[in-house]
Amino acid sequence: MTSADRLTAQATTVQTTTDSADKAAALARGAVEARLAACAQIVGPVTSVYHWAGGIETTQEWQVHFKTTAARYPELERHLLAAHDYETPEIIATPVVAGSPAYLSWITAETVAR
């Protein structure tokens, strides 16, 4: 396995949503400050349509996309569950299948626990 392959195997993106820009910013800042993510991008508002409590809901939400490593994912998930105010927050991790070696190295360097 090459060093680029190892970096790609480590890189992970994690997505969540919340119902305000301020909450999204707090989730993003908290994860980056704790070095659970190298960065977080906030997108929104987006319109979400979903089943909840026996009905179909339509709400505005803000997506937060975290760049992290597979090794830091469990701690990032715990952090999001503790910080999030949703009963069942979206927390979805997707492995990165390819990427710039320099960017992937940066993710790894920035998420090392200190």
# chains A, B, ... in the order shown; residues from 1 in each chain; ligands from 1

call {"tool": "residues_around", "arguments": {"residues": "Ala31 in chain A", "least_positions_apart": "2", "cutoff": "12 Å", "atoms": "only C-alpha atoms", "output": "PyMOL selection string"}}
result
chain A and resi 14+24-29+33-41+64-68+72-73+75-84+110-111+113

call {"tool": "atom_distance", "arguments": {"atom1": "CA of Thr47 in chain A", "atom2": "CA of Thr12 in chain A"}}
result
24.6 Å

call {"tool": "select_by_dssp", "arguments": {"residues": "chain A", "states": "helix (DSSP H, G or I)", "output": "PDB file with N, CA, C and O atoms, in the first residue's frame"}}
result
ATOM      1  N   SER A   3       1.821   5.384   0.350  1.00  0.00           N
ATOM      2  CA  SER A   3       1.443   6.370   1.370  1.00  0.00           C
ATOM      3  C   SER A   3       0.172   7.111   0.966  1.00  0.00           C
ATOM      4  O   SER A   3      -0.648   7.444   1.816  1.00  0.00           O
ATOM      5  N   ALA A   4      -0.041   7.348  -0.334  1.00  0.00           N
ATOM      6  CA  ALA A   4      -1.283   7.990  -0.785  1.00  0.00           C
ATOM      7  C   ALA A   4      -2.478   7.081  -0.505  1.00  0.00           C
ATOM      8  O   ALA A   4      -3.538   7.543  -0.095  1.00  0.00           O
ATOM      9  N   ASP A   5      -2.304   5.771  -0.695  1.00  0.00           N
ATOM     10  CA  ASP A   5      -3.388   4.824  -0.394  1.00  0.00           C
ATOM     11  C   ASP A   5      -3.709   4.828   1.092  1.00  0.00           C
ATOM     12  O   ASP A   5      -4.872   4.766   1.480  1.00  0.00           O
ATOM     13  N   ARG A   6      -2.688   4.901   1.937  1.00  0.00           N
ATOM     14  CA  ARG A   6      -2.909   4.931   3.383  1.00  0.00           C
ATOM     15  C   ARG A   6      -3.662   6.195   3.787  1.00  0.00           C
ATOM     16  O   ARG A   6      -4.575   6.146   4.613  1.00  0.00           O
ATOM     17  N   LEU A   7      -3.288   7.316   3.208  1.00  0.00           N
ATOM     18  CA  LEU A   7      -3.989   8.567   3.518  1.00  0.00           C
ATOM     19  C   LEU A   7      -5.442   8.504   3.087  1.00  0.00           C
ATOM     20  O   LEU A   7      -6.331   8.930   3.818  1.00  0.00           O
ATOM     21  N   THR A   8      -5.688   7.950   1.895  1.00  0.00           N
ATOM     22  CA  THR A   8      -7.059   7.839   1.414  1.00  0.00           C
ATOM     23  C   THR A   8      -7.865   6.921   2.324  1.00  0.00           C
ATOM     24  O   THR A   8      -9.015   7.194   2.641  1.00  0.00           O
ATOM     25  N   ALA A   9      -7.273   5.828   2.776  1.00  0.00           N
ATOM     26  CA  ALA A   9      -7.968   4.888   3.656  1.00  0.00           C
ATOM     27  C   ALA A   9      -8.334   5.542   4.980  1.00  0.00           C
ATOM     28  O   ALA A   9      -9.315   5.168   5.610  1.00  0.00           O
ATOM     29  N   GLN A  10      -7.572   6.526   5.410  1.00  0.00           N
ATOM     30  CA  GLN A  10      -7.835   7.199   6.680  1.00  0.00           C
ATOM     31  C   GLN A  10      -8.883   8.300   6.559  1.00  0.00           C
ATOM     32  O   GLN A  10      -9.607   8.569   7.505  1.00  0.00           O
ATOM     33  N   ALA A  21     -28.392  28.179  11.580  1.00  0.00           N
ATOM     34  CA  ALA A  21     -27.008  28.484  11.206  1.00  0.00           C
ATOM     35  C   ALA A  21     -26.120  28.582  12.450  1.00  0.00           C
ATOM     36  O   ALA A  21     -24.976  28.139  12.425  1.00  0.00           O
ATOM     37  N   ASP A  22     -26.647  29.165  13.526  1.00  0.00           N
ATOM     38  CA  ASP A  22     -25.860  29.288  14.756  1.00  0.00           C
ATOM     39  C   ASP A  22     -25.514  27.924  15.342  1.00  0.00           C
ATOM     40  O   ASP A  22     -24.386  27.701  15.795  1.00  0.00           O
ATOM     41  N   LYS A  23     -26.474  27.005  15.340  1.00  0.00           N
ATOM     42  CA  LYS A  23     -26.200  25.655  15.848  1.00  0.00           C
ATOM     43  C   LYS A  23     -25.189  24.929  14.967  1.00  0.00           C
ATOM     44  O   LYS A  23     -24.316  24.219  15.456  1.00  0.00           O
ATOM     45  N   ALA A  24     -25.311  25.108  13.660  1.00  0.00           N
ATOM     46  CA  ALA A  24     -24.356  24.497  12.735  1.00  0.00           C
ATOM     47  C   ALA A  24     -22.948  25.027  12.997  1.00  0.00           C
ATOM     48  O   ALA A  24     -21.978  24.256  13.048  1.00  0.00           O
ATOM     49  N   ALA A  25     -22.833  26.336  13.200  1.00  0.00           N
ATOM     50  CA  ALA A  25     -21.530  26.936  13.481  1.00  0.00           C
ATOM     51  C   ALA A  25     -20.952  26.410  14.792  1.00  0.00           C
ATOM     52  O   ALA A  25     -19.742  26.159  14.890  1.00  0.00           O
ATOM     53  N   ALA A  26     -21.793  26.239  15.800  1.00  0.00           N
ATOM     54  CA  ALA A  26     -21.320  25.722  17.086  1.00  0.00           C
ATOM     55  C   ALA A  26     -20.841  24.278  16.955  1.00  0.00           C
ATOM     56  O   ALA A  26     -19.804  23.911  17.525  1.00  0.00           O
ATOM     57  N   LEU A  27     -21.573  23.450  16.215  1.00  0.00           N
ATOM     58  CA  LEU A  27     -21.138  22.069  16.001  1.00  0.00           C
ATOM     59  C   LEU A  27     -19.808  22.040  15.245  1.00  0.00           C
ATOM     60  O   LEU A  27     -18.901  21.273  15.595  1.00  0.00           O
ATOM     61  N   ALA A  28     -19.688  22.877  14.221  1.00  0.00           N
ATOM     62  CA  ALA A  28     -18.464  22.927  13.425  1.00  0.00           C
ATOM     63  C   ALA A  28     -17.279  23.388  14.273  1.00  0.00           C
ATOM     64  O   ALA A  28     -16.228  22.742  14.301  1.00  0.00           O
ATOM     65  N   ARG A  29     -17.449  24.490  14.974  1.00  0.00           N
ATOM     66  CA  ARG A  29     -16.359  25.039  15.783  1.00  0.00           C
ATOM     67  C   ARG A  29     -15.927  24.068  16.879  1.00  0.00           C
ATOM     68  O   ARG A  29     -14.746  23.865  17.119  1.00  0.00           O
ATOM     69  N   GLY A  30     -16.895  23.452  17.555  1.00  0.00           N
ATOM     70  CA  GLY A  30     -16.567  22.529  18.632  1.00  0.00           C
ATOM     71  C   GLY A  30     -15.737  21.352  18.155  1.00  0.00           C
ATOM     72  O   GLY A  30     -14.764  20.954  18.810  1.00  0.00           O
ATOM     73  N   ALA A  31     -16.098  20.793  17.006  1.00  0.00           N
ATOM     74  CA  ALA A  31     -15.357  19.646  16.475  1.00  0.00           C
ATOM     75  C   ALA A  31     -13.960  20.038  16.015  1.00  0.00           C
ATOM     76  O   ALA A  31     -12.989  19.305  16.257  1.00  0.00           O
ATOM     77  N   VAL A  32     -13.837  21.191  15.378  1.00  0.00           N
ATOM     78  CA  VAL A  32     -12.519  21.638  14.900  1.00  0.00           C
ATOM     79  C   VAL A  32     -11.632  22.021  16.091  1.00  0.00           C
ATOM     80  O   VAL A  32     -10.456  21.649  16.133  1.00  0.00           O
ATOM     81  N   GLU A  33     -12.182  22.736  17.072  1.00  0.00           N
ATOM     82  CA  GLU A  33     -11.390  23.094  18.254  1.00  0.00           C
ATOM     83  C   GLU A  33     -10.878  21.868  18.989  1.00  0.00           C
ATOM     84  O   GLU A  33      -9.757  21.866  19.498  1.00  0.00           O
ATOM     85  N   TYR A  73     -13.220   9.183  13.877  1.00  0.00           N
ATOM     86  CA  TYR A  73     -14.669   9.139  13.732  1.00  0.00           C
ATOM     87  C   TYR A  73     -15.411   8.783  15.029  1.00  0.00           C
ATOM     88  O   TYR A  73     -16.370   9.485  15.379  1.00  0.00           O
ATOM     89  N   PRO A  74     -15.036   7.724  15.754  1.00  0.00           N
ATOM     90  CA  PRO A  74     -15.820   7.391  16.953  1.00  0.00           C
ATOM     91  C   PRO A  74     -15.917   8.545  17.953  1.00  0.00           C
ATOM     92  O   PRO A  74     -16.982   8.802  18.516  1.00  0.00           O
ATOM     93  N   GLU A  75     -14.815   9.264  18.134  1.00  0.00           N
ATOM     94  CA  GLU A  75     -14.838  10.386  19.073  1.00  0.00           C
ATOM     95  C   GLU A  75     -15.662  11.553  18.518  1.00  0.00           C
ATOM     96  O   GLU A  75     -16.383  12.220  19.268  1.00  0.00           O
ATOM     97  N   LEU A  76     -15.583  11.785  17.207  1.00  0.00           N
ATOM     98  CA  LEU A  76     -16.412  12.830  16.584  1.00  0.00           C
ATOM     99  C   LEU A  76     -17.887  12.475  16.727  1.00  0.00           C
ATOM    100  O   LEU A  76     -18.705  13.336  17.074  1.00  0.00           O
ATOM    101  N   GLU A  77     -18.241  11.222  16.515  1.00  0.00           N
ATOM    102  CA  GLU A  77     -19.634  10.813  16.673  1.00  0.00           C
ATOM    103  C   GLU A  77     -20.109  11.049  18.106  1.00  0.00           C
ATOM    104  O   GLU A  77     -21.197  11.596  18.321  1.00  0.00           O
ATOM    105  N   ARG A  78     -19.309  10.664  19.094  1.00  0.00           N
ATOM    106  CA  ARG A  78     -19.687  10.899  20.498  1.00  0.00           C
ATOM    107  C   ARG A  78     -19.874  12.388  20.769  1.00  0.00           C
ATOM    108  O   ARG A  78     -20.816  12.803  21.440  1.00  0.00           O
ATOM    109  N   HIS A  79     -18.963  13.198  20.234  1.00  0.00           N
ATOM    110  CA  HIS A  79     -19.044  14.657  20.402  1.00  0.00           C
ATOM    111  C   HIS A  79     -20.349  15.194  19.808  1.00  0.00           C
ATOM    112  O   HIS A  79     -21.049  15.986  20.443  1.00  0.00           O
ATOM    113  N   LEU A  80     -20.672  14.768  18.593  1.00  0.00           N
ATOM    114  CA  LEU A  80     -21.892  15.263  17.940  1.00  0.00           C
ATOM    115  C   LEU A  80     -23.134  14.814  18.688  1.00  0.00           C
ATOM    116  O   LEU A  80     -24.080  15.598  18.856  1.00  0.00           O
ATOM    117  N   LEU A  81     -23.157  13.584  19.155  1.00  0.00           N
ATOM    118  CA  LEU A  81     -24.319  13.112  19.915  1.00  0.00           C
ATOM    119  C   LEU A  81     -24.501  13.908  21.206  1.00  0.00           C
ATOM    120  O   LEU A  81     -25.624  14.225  21.589  1.00  0.00           O
ATOM    121  N   ALA A  82     -23.407  14.252  21.858  1.00  0.00           N
ATOM    122  CA  ALA A  82     -23.489  15.018  23.105  1.00  0.00           C
ATOM    123  C   ALA A  82     -23.872  16.477  22.852  1.00  0.00           C
ATOM    124  O   ALA A  82     -24.605  17.076  23.644  1.00  0.00           O
ATOM    125  N   ALA A  83     -23.396  17.057  21.757  1.00  0.00           N
ATOM    126  CA  ALA A  83     -23.606  18.482  21.493  1.00  0.00           C
ATOM    127  C   ALA A  83     -24.901  18.763  20.733  1.00  0.00           C
ATOM    128  O   ALA A  83     -25.399  19.886  20.777  1.00  0.00           O
ATOM    129  N   PRO A 101      -3.111  14.080  -2.232  1.00  0.00           N
ATOM    130  CA  PRO A 101      -2.272  13.635  -1.120  1.00  0.00           C
ATOM    131  C   PRO A 101      -1.944  14.754  -0.128  1.00  0.00           C
ATOM    132  O   PRO A 101      -1.940  14.528   1.083  1.00  0.00           O
ATOM    133  N   ALA A 102      -1.721  15.964  -0.623  1.00  0.00           N
ATOM    134  CA  ALA A 102      -1.401  17.072   0.283  1.00  0.00           C
ATOM    135  C   ALA A 102      -2.599  17.389   1.188  1.00  0.00           C
ATOM    136  O   ALA A 102      -2.433  17.611   2.387  1.00  0.00           O
ATOM    137  N   TYR A 103      -3.790  17.402   0.626  1.00  0.00           N
ATOM    138  CA  TYR A 103      -4.993  17.687   1.422  1.00  0.00           C
ATOM    139  C   TYR A 103      -5.250  16.570   2.426  1.00  0.00           C
ATOM    140  O   TYR A 103      -5.566  16.824   3.592  1.00  0.00           O
ATOM    141  N   LEU A 104      -5.126  15.334   1.993  1.00  0.00           N
ATOM    142  CA  LEU A 104      -5.346  14.204   2.890  1.00  0.00           C
ATOM    143  C   LEU A 104      -4.321  14.193   4.028  1.00  0.00           C
ATOM    144  O   LEU A 104      -4.661  13.880   5.171  1.00  0.00           O
ATOM    145  N   SER A 105      -3.080  14.556   3.730  1.00  0.00           N
ATOM    146  CA  SER A 105      -2.055  14.667   4.781  1.00  0.00           C
ATOM    147  C   SER A 105      -2.427  15.754   5.775  1.00  0.00           C
ATOM    148  O   SER A 105      -2.229  15.604   6.983  1.00  0.00           O
ATOM    149  N   TRP A 106      -2.955  16.858   5.266  1.00  0.00           N
ATOM    150  CA  TRP A 106      -3.375  17.963   6.136  1.00  0.00           C
ATOM    151  C   TRP A 106      -4.479  17.498   7.079  1.00  0.00           C
ATOM    152  O   TRP A 106      -4.441  17.803   8.274  1.00  0.00           O
ATOM    153  N   ILE A 107      -5.472  16.765   6.565  1.00  0.00           N
ATOM    154  CA  ILE A 107      -6.541  16.242   7.426  1.00  0.00           C
ATOM    155  C   ILE A 107      -5.948  15.403   8.553  1.00  0.00           C
ATOM    156  O   ILE A 107      -6.295  15.569   9.719  1.00  0.00           O
ATOM    157  N   THR A 108      -5.054  14.505   8.204  1.00  0.00           N
ATOM    158  CA  THR A 108      -4.439  13.623   9.197  1.00  0.00           C
ATOM    159  C   THR A 108      -3.666  14.435  10.220  1.00  0.00           C
ATOM    160  O   THR A 108      -3.823  14.220  11.448  1.00  0.00           O
ATOM    161  N   ALA A 109      -2.876  15.393   9.781  1.00  0.00           N
ATOM    162  CA  ALA A 109      -2.058  16.211  10.702  1.00  0.00           C
ATOM    163  C   ALA A 109      -2.929  17.037  11.648  1.00  0.00           C
ATOM    164  O   ALA A 109      -2.608  17.190  12.820  1.00  0.00           O
ATOM    165  N   GLU A 110      -4.041  17.568  11.151  1.00  0.00           N
ATOM    166  CA  GLU A 110      -4.885  18.449  11.958  1.00  0.00           C
ATOM    167  C   GLU A 110      -5.807  17.710  12.921  1.00  0.00           C
ATOM    168  O   GLU A 110      -6.387  18.330  13.806  1.00  0.00           O
TER     169      GLU A 110
END

call {"tool": "closest_residue", "arguments": {"among": "A:Thr16, A:Ser100, A:Thr94, A:Thr88", "to": "Trp62 in chain A", "atoms": "only C-alpha atoms"}}
result
A:Thr16

call {"tool": "closest_residue", "arguments": {"among": "A:Gln15, A:Ser20, A:Gln63, A:Ser48", "to": "Pro95 in chain A", "atoms": "only C-alpha atoms"}}
result
A:Gln15

call {"tool": "closest_residue", "arguments": {"among": "A:Ile91, A:Thr59, A:Val46, A:Tyr86", "to": "Thr13 in chain A", "atoms": "only C-alpha atoms"}}
result
A:Ile91

call {"tool": "closest_residue", "arguments": {"among": "A:Val112, A:Ala53, A:Ile42, A:Ala70", "to": "Val96 in chain A", "atoms": "only C-alpha atoms"}}
result
A:Ala70

call {"tool": "atom_distance", "arguments": {"atom1": "CA of Thr18 in chain A", "atom2": "CA of Pro89 in chain A"}}
result
7.9 Å

call {"tool": "atom_distance", "arguments": {"atom1": "CA of Gly55 in chain A", "atom2": "CA of Ala93 in chain A"}}
result
26.7 Å

call {"tool": "select_by_dssp", "arguments": {"residues": "range 8-97 of chain A", "states": "strand (DSSP E)", "output": "ChimeraX atom specification"}}
result
/A:11-18,39-52,55-69,92-95

call {"tool": "decode", "arguments": {"residues": "range 6-25 of chain A", "atoms": "N, CA, C and O atoms", "output": "PDB file, in the first residue's frame"}}
result
ATOM      1  N   ARG A   6      -2.688   4.901   1.937  1.00  0.00           N
ATOM      2  CA  ARG A   6      -2.909   4.931   3.383  1.00  0.00           C
ATOM      3  C   ARG A   6      -3.662   6.195   3.787  1.00  0.00           C
ATOM      4  O   ARG A   6      -4.575   6.146   4.613  1.00  0.00           O
ATOM      5  N   LEU A   7      -3.288   7.316   3.208  1.00  0.00           N
ATOM      6  CA  LEU A   7      -3.989   8.567   3.518  1.00  0.00           C
ATOM      7  C   LEU A   7      -5.442   8.504   3.087  1.00  0.00           C
ATOM      8  O   LEU A   7      -6.331   8.930   3.818  1.00  0.00           O
ATOM      9  N   THR A   8      -5.688   7.950   1.895  1.00  0.00           N
ATOM     10  CA  THR A   8      -7.059   7.839   1.414  1.00  0.00           C
ATOM     11  C   THR A   8      -7.865   6.921   2.324  1.00  0.00           C
ATOM     12  O   THR A   8      -9.015   7.194   2.641  1.00  0.00           O
ATOM     13  N   ALA A   9      -7.273   5.828   2.776  1.00  0.00           N
ATOM     14  CA  ALA A   9      -7.968   4.888   3.656  1.00  0.00           C
ATOM     15  C   ALA A   9      -8.334   5.542   4.980  1.00  0.00           C
ATOM     16  O   ALA A   9      -9.315   5.168   5.610  1.00  0.00           O
ATOM     17  N   GLN A  10      -7.572   6.526   5.410  1.00  0.00           N
ATOM     18  CA  GLN A  10      -7.835   7.199   6.680  1.00  0.00           C
ATOM     19  C   GLN A  10      -8.883   8.300   6.559  1.00  0.00           C
ATOM     20  O   GLN A  10      -9.607   8.569   7.505  1.00  0.00           O
ATOM     21  N   ALA A  11      -8.966   8.947   5.415  1.00  0.00           N
ATOM     22  CA  ALA A  11      -9.821  10.125   5.270  1.00  0.00           C
ATOM     23  C   ALA A  11     -11.296   9.744   5.252  1.00  0.00           C
ATOM     24  O   ALA A  11     -11.697   8.767   4.620  1.00  0.00           O
ATOM     25  N   THR A  12     -12.088  10.544   5.976  1.00  0.00           N
ATOM     26  CA  THR A  12     -13.519  10.299   6.104  1.00  0.00           C
ATOM     27  C   THR A  12     -14.238  11.637   6.132  1.00  0.00           C
ATOM     28  O   THR A  12     -13.752  12.590   6.731  1.00  0.00           O
ATOM     29  N   THR A  13     -15.389  11.694   5.491  1.00  0.00           N
ATOM     30  CA  THR A  13     -16.245  12.863   5.649  1.00  0.00           C
ATOM     31  C   THR A  13     -17.441  12.440   6.498  1.00  0.00           C
ATOM     32  O   THR A  13     -17.907  11.303   6.414  1.00  0.00           O
ATOM     33  N   VAL A  14     -17.896  13.343   7.328  1.00  0.00           N
ATOM     34  CA  VAL A  14     -19.025  13.073   8.214  1.00  0.00           C
ATOM     35  C   VAL A  14     -20.021  14.206   8.026  1.00  0.00           C
ATOM     36  O   VAL A  14     -19.646  15.379   7.984  1.00  0.00           O
ATOM     37  N   GLN A  15     -21.284  13.856   7.922  1.00  0.00           N
ATOM     38  CA  GLN A  15     -22.334  14.837   7.682  1.00  0.00           C
ATOM     39  C   GLN A  15     -23.373  14.804   8.788  1.00  0.00           C
ATOM     40  O   GLN A  15     -23.733  13.741   9.285  1.00  0.00           O
ATOM     41  N   THR A  16     -23.823  15.985   9.189  1.00  0.00           N
ATOM     42  CA  THR A  16     -24.963  16.114  10.084  1.00  0.00           C
ATOM     43  C   THR A  16     -25.788  17.307   9.626  1.00  0.00           C
ATOM     44  O   THR A  16     -25.358  18.071   8.753  1.00  0.00           O
ATOM     45  N   THR A  17     -26.962  17.457  10.201  1.00  0.00           N
ATOM     46  CA  THR A  17     -27.815  18.614   9.925  1.00  0.00           C
ATOM     47  C   THR A  17     -28.347  19.156  11.237  1.00  0.00           C
ATOM     48  O   THR A  17     -28.417  18.439  12.245  1.00  0.00           O
ATOM     49  N   THR A  18     -28.708  20.425  11.226  1.00  0.00           N
ATOM     50  CA  THR A  18     -29.328  21.057  12.384  1.00  0.00           C
ATOM     51  C   THR A  18     -30.259  22.157  11.897  1.00  0.00           C
ATOM     52  O   THR A  18     -30.232  22.511  10.717  1.00  0.00           O
ATOM     53  N   ASP A  19     -31.053  22.706  12.810  1.00  0.00           N
ATOM     54  CA  ASP A  19     -32.118  23.610  12.377  1.00  0.00           C
ATOM     55  C   ASP A  19     -31.780  25.099  12.419  1.00  0.00           C
ATOM     56  O   ASP A  19     -32.663  25.932  12.262  1.00  0.00           O
ATOM     57  N   SER A  20     -30.518  25.457  12.621  1.00  0.00           N
ATOM     58  CA  SER A  20     -30.153  26.878  12.543  1.00  0.00           C
ATOM     59  C   SER A  20     -28.690  27.037  12.169  1.00  0.00           C
ATOM     60  O   SER A  20     -27.863  26.158  12.435  1.00  0.00           O
ATOM     61  N   ALA A  21     -28.392  28.179  11.580  1.00  0.00           N
ATOM     62  CA  ALA A  21     -27.008  28.484  11.206  1.00  0.00           C
ATOM     63  C   ALA A  21     -26.120  28.582  12.450  1.00  0.00           C
ATOM     64  O   ALA A  21     -24.976  28.139  12.425  1.00  0.00           O
ATOM     65  N   ASP A  22     -26.647  29.165  13.526  1.00  0.00           N
ATOM     66  CA  ASP A  22     -25.860  29.288  14.756  1.00  0.00           C
ATOM     67  C   ASP A  22     -25.514  27.924  15.342  1.00  0.00           C
ATOM     68  O   ASP A  22     -24.386  27.701  15.795  1.00  0.00           O
ATOM     69  N   LYS A  23     -26.474  27.005  15.340  1.00  0.00           N
ATOM     70  CA  LYS A  23     -26.200  25.655  15.848  1.00  0.00           C
ATOM     71  C   LYS A  23     -25.189  24.929  14.967  1.00  0.00           C
ATOM     72  O   LYS A  23     -24.316  24.219  15.456  1.00  0.00           O
ATOM     73  N   ALA A  24     -25.311  25.108  13.660  1.00  0.00           N
ATOM     74  CA  ALA A  24     -24.356  24.497  12.735  1.00  0.00           C
ATOM     75  C   ALA A  24     -22.948  25.027  12.997  1.00  0.00           C
ATOM     76  O   ALA A  24     -21.978  24.256  13.048  1.00  0.00           O
ATOM     77  N   ALA A  25     -22.833  26.336  13.200  1.00  0.00           N
ATOM     78  CA  ALA A  25     -21.530  26.936  13.481  1.00  0.00           C
ATOM     79  C   ALA A  25     -20.952  26.410  14.792  1.00  0.00           C
ATOM     80  O   ALA A  25     -19.742  26.159  14.890  1.00  0.00           O
TER      81      ALA A  25
END
